[in-house]
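Structure record follows, encoded as structure tokens.
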Amino acid sequence: MNSEWVVEKNQMLNKLISKERFTFAKQFTIDFSQFAMKYTQTTLDKLESIPEEVGYILRYERGTFQSGYCILEAKKVVVLNKFLPTEGRINTLMDLIPQLSIDQEILTEESKKLYAEVMSKLEAQSKED
């Protein structure tokens, strides 16, 4: 990777951070013992496609994220902690996806099914609490 590109990317991110407010979303707790999803790179790729299909930019960066991520609403940018392992990234996306403005009409059929599964698990968990 070109070091100039990395410096430029970091400078652009710092400009966004200084101009916009970050919205730190509430932490949702989901009981994953009832969730039949495997913690694999394929699952992570499928979860990442949901926000990307509706126009969000997912970035993996280092930072002090209390919940593993932050959302820059005005720019539709989601910054995730790059030091999380695959399992942590999946859990973070599971917490994050319900908080985003997602137009299901834009999603592919596969993403619609996964989105519905994520939302139904969240609803089931919130009914138990």
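Quick note on naming: the chains in the structure tokens go A, B, ... in the order shown, residues restart at 1 in each chain, and ligands are numbered from 1 in order of appearance.
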
**Prompt:** Which residues come within 10 Å of Glu52 (chain A), counting only C-alpha atoms, excluding same-chain residues fewer than 3 positions away, as a PyMOL selection string?
**Reply:** chain A and resi 47-49+55-58+76-78+107

**Asked** Using only C-alpha atoms, which residues sit within 8 Å of Val54 (chain A) once same-chain residues fewer than 6 positions away are excluded, as number ranges by chain?
**Response** A: 102-103, 106-107

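Using only C-alpha atoms, the nearest neighbour of Gln41 (chain A) within the list A:Ile90, A:Val79, A:Ala116, A:Cys70 is A:Ile90.
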
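With only C-alpha atoms as the atoms that count, the residue of A:Ile71, A:Asn81, A:Glu61, A:Met37 with the shortest distance to Glu117 (chain A) is A:Met37.
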
**Request:** Identify, on the basis of only C-alpha atoms, every residue whose closest approach to Met94 (chain A) does not exceed 10 Å; exclude the query and any residue fewer than 2 positions from it along the same chain; express the result as a PyMOL selection string.
**Result:** chain A and resi 28-30+32+44+47-48+88-92+96-99+115+118-119+121-122

Quick one: write out the picked residues with C-alpha atoms as a PDB file, in the first residue's frame?
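Wrote it out as part-v2.pdb, contents follow:
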ATOM      1  CA  PHE A  28     -27.729  -3.287  22.109  1.00  0.00           C
ATOM      2  CA  THR A  29     -27.250  -6.673  23.658  1.00  0.00           C
ATOM      3  CA  ILE A  30     -28.323  -9.597  21.511  1.00  0.00           C
ATOM      4  CA  PHE A  32     -26.338 -14.873  20.086  1.00  0.00           C
ATOM      5  CA  LEU A  44     -19.031 -10.800   7.839  1.00  0.00           C
ATOM      6  CA  LEU A  47     -23.413  -8.256   6.960  1.00  0.00           C
ATOM      7  CA  GLU A  48     -21.097  -5.584   5.520  1.00  0.00           C
ATOM      8  CA  GLY A  88     -16.158  -8.937  17.140  1.00  0.00           C
ATOM      9  CA  ARG A  89     -16.807  -7.329  13.754  1.00  0.00           C
ATOM     10  CA  ILE A  90     -19.887  -9.510  13.226  1.00  0.00           C
ATOM     11  CA  ASN A  91     -21.220  -8.673  16.693  1.00  0.00           C
ATOM     12  CA  THR A  92     -20.560  -4.980  16.099  1.00  0.00           C
ATOM     13  CA  LEU A  96     -25.066  -1.365  14.320  1.00  0.00           C
ATOM     14  CA  ILE A  97     -27.386  -2.389  11.481  1.00  0.00           C
ATOM     15  CA  PRO A  98     -30.680  -1.825  13.375  1.00  0.00           C
ATOM     16  CA  GLN A  99     -29.629   1.770  14.102  1.00  0.00           C
ATOM     17  CA  TYR A 115     -31.664  -7.814   7.414  1.00  0.00           C
ATOM     18  CA  VAL A 118     -31.151  -9.352  12.239  1.00  0.00           C
ATOM     19  CA  MET A 119     -34.211  -7.215  12.978  1.00  0.00           C
ATOM     20  CA  LYS A 121     -33.587 -11.282  16.542  1.00  0.00           C
ATOM     21  CA  LEU A 122     -33.363  -7.761  17.926  1.00  0.00           C
TER      22      LEU A 122
END

**Request:** Go through region 53-123 of chain A and collect every residue that DSSP, computed from the backbone, puts in strand (DSSP E); the answer should be as a PyMOL selection string.
**Result:** chain A and resi 57-61+69-72+77-81

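The two atoms in question, CA of Leu114 (chain A) and CA of Gly63 (chain A), are spaced 28.4 Å apart.
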
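In this model, the gap between CA of Lys46 (chain A) and CA of Glu128 (chain A) comes to 26.9 Å.
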